[in-house]
Amino acid sequence: ARPGRMLAIMGPSGAGKSTIMHALAGKVKESKSLQLEGLRFLNGHAITGDSQVPAAFVKQEVSFFPHMTVRETLHFRVELKLGSLISKQAQAERVEELIQKLQLEKAADTIVGDAKVRGISGGERQRLAIACELISSPSVIFLDEPTSGLDSTAATTLVAALRSLADSGETIVAVIHQPSQHIFSAFDDLLLVSEGKQMYFGEVSMVRDYMDKNC
């Protein structure tokens with residue numbers, strides 16, 4: 001997974017996509033019933049044990065205060081993470097930067113909502129979750145099925161926002177399930193897994209030739 005590129009982890013249901021990503025991020029702990037194998041490297045340096053990669057990790061389900069607006073939610077999260085490190089002015093500037101970066105301008109003053117309270121759309125909610133994880137400016141972003149449950153327009157907008165982040169130098173790693181051709185083509189690299197085993201790893205543009213020659 002390299003800076004400026006988007007890596008998709010794909011495979012059938014139960015193939016181990018999310019488990020692989022959690023293990024890469026250091027969120028799977030070795031125990032008597034679970035053995036981890038392999039090496040992880042960060043900027044060419046080996047990461048020991050199950051230490052976590054300094055990265056953003058966006059889960060499928062993220063909890064928010066439903067009656068807060070998008071802007072208020074980000075202000076709250078920024079103050080929690082950076083309140084003792086930067087001024088109030090810098091906090092406000094960071095919030096506006098995140099709103100623009102994740103294309104949340106139209107939803108900025110709309111309440112987040114939940115199952116009982118009408119609020120922002122599913123795609124906007126997912127982009128807000130990403131914005132919250134970007135507060136500390138991580139260079140690596142892991143996302144677990146970010147387009148799950150979104151319609152084609154919302155999924156396309158979300159992936160376009162991720163593409164923009166990658167183009168600015170971020171490293172994007174995402175588990176993607178049944179993407180459209182348009183969304184799939186937005187990714188640079190692909191890790192294809194089946195039953196916990198690697199079936200393909202390389203550039204998206206080369207996967208068809210690889211399958212034709214080896215399958």
# chains A, B, ... in the order shown; residues from 1 in each chain; ligands from 1
$ residues_around --residues "Ser137 of chain A" --least-positions-apart "4" --cutoff "10 Å" --atoms "only C-alpha atoms" --output "PyMOL selection string"
chain A and resi 55-56+131+133+141+170
$ residues_around --residues "Thr153 of chain A" --least-positions-apart "6" --cutoff "12 Å" --atoms "only C-alpha atoms" --output "number ranges by chain"
A: 121-124, 147, 159-160, 180, 182-183
$ residues_around --residues "Gln89 of chain A" --least-positions-apart "5" --cutoff "12 Å" --atoms "only C-alpha atoms" --output "CSV table (one decimal) with C-alpha atoms, in the first residue's frame"
chain,number,residue,atom,x,y,z
A,75,HIS,CA,-15.8,20.8,16.4
A,78,VAL,CA,-11.3,18.3,17.0
A,79,GLU,CA,-11.5,19.7,20.5
A,82,LEU,CA,-6.4,18.5,19.5
A,83,GLY,CA,-7.8,20.9,22.1
A,94,ARG,CA,-9.2,22.5,10.9
A,95,VAL,CA,-13.0,21.8,11.0
A,96,GLU,CA,-13.6,23.9,7.8
$ select_by_dssp --residues "chain A" --states "strand (DSSP E or B)" --output "PyMOL selection string"
chain A and resi 6-10+31+34+40-42+45-47+56-58+69+111+140-144+171-175+189-194+197-203
$ closest_residue --among "A:Pro138, A:Gly38, A:Pro12, A:Pro66" --to "Leu165 of chain A" --atoms "only C-alpha atoms"
A:Pro138
$ atom_distance --atom1 "atom CA of Ile176 of chain A" --atom2 "atom CA of Glu145 of chain A"
5.1 Å
